[in-house]
Amino acid sequence: MTESPTTSRLQALAVQERPQERLQRLGTAALSDIELLAMLLRSGTRGHDVLSLSAHLLQAAGSLAALLTWSETDFRRLKGIGHVKALQLLTVMELARRVLSQQSGAAPLLNRADLIAGYLHPHAAGLEVEKFWVLCLNTKLRLIQRVEATSGTATASLSHPREVFREAIRRAATSIVVAHNHPSGDPQPSAADLQVTRQLAAAARTVEIQLLDHVILGRQEADPAGRGWYSFREAGLL
C-alpha cells in the first residue's frame, strides 16, 4: 500500500535532516518557518506528522506574522491541534507580541497617528474584546507609560474621563493619547466612540492636559480606508 505524502513527510527525511537534529547542528536560524513551528508543536496526529501539521498551519494563516492575530478557536480548527497545543501556541504568540512592543533606547515618540498605531498594534493583534489604553506622554511627546484603563466585551462602553485622567495625573503627563481596538477589524468610529471623545476633550481642557489624539485600531483588510486605524485628530474631530 502506498503511503500518503502527509504521513510520510517526516519519515522520509534522513534522521540528520529532521528539525530537532538540524536545530542542534545548525542553530535556529537554519530552520524554515515550518520547521520552527514543528519544534513548537513537537508532535503531529494520526495521519498528519508534525511537519505536515506545521505546513498546514502556516498555509492556513498565510504567514507567521498572521498567527499573531489568531485565537484559540482559530488554532483548534486545524485537525491535530487540541486545547493544550492551542494554548501553547497562544502563549508563544503573546510572547512575540510583547517582544515586538518593547522599545530599545529612548522612549517612543508618539506625535503622529501612524506612530501610535504602529506602537499599539502588537498589543491589539488578535484581541476578541475591546481594550482601552491611555498613553501618558512627556513634554516632548515621548511615552512615559502605557496604561490599560479598561477591558470589556466587544459592545461594552469602555472608558470614563475620571479613569483616563487619573492615570495621566498620577504619572505627571503633560499630554495623553487614548486608543482602543475594534475586534471586528473596522476602525471606523461608532456613535459611542464619538461621544466619549467629546467627553475626554472637554475633561482635558478642565485638567489642562492635552488630548493629543484618539486612535482606533483595526485591521488593514477590514478598513474601508485601507489603513487599519482611525485618528480623530486627522479627521478634524480633535
# chains A, B, ... in the order shown; residues from 1 in each chain; ligands from 1

$ residues_around --residues "Leu238 of chain A" --least-positions-apart "2" --cutoff "8 Å" --atoms "only C-alpha atoms" --output "PyMOL selection string"
chain A and resi 201+212-213+232-233+235-236

$ residues_around --residues "Glu128 of chain A" --least-positions-apart "2" --cutoff "7 Å" --atoms "only C-alpha atoms" --output "count of residues only"
3

$ closest_residue --among "A:Val147, A:Leu194, A:Ile169, A:Ala202" --to "His123 of chain A" --atoms "only C-alpha atoms"
A:Val147

$ closest_residue --among "A:Val196, A:Val50, A:Ala38, A:Ala222" --to "Gly80 of chain A" --atoms "only C-alpha atoms"
A:Val50

$ residues_around --residues "His56 of chain A" --least-positions-apart "4" --cutoff "12 Å" --atoms "only C-alpha atoms" --output "count of residues only"
21

$ closest_residue --among "A:Thr174, A:Gln88, A:Asn181, A:Ser231" --to "Phe132 of chain A" --atoms "only C-alpha atoms"
A:Asn181

$ residues_around --residues "Val177 of chain A" --least-positions-apart "4" --cutoff "8 Å" --atoms "only C-alpha atoms" --output "PyMOL selection string"
chain A and resi 134-137+211-215
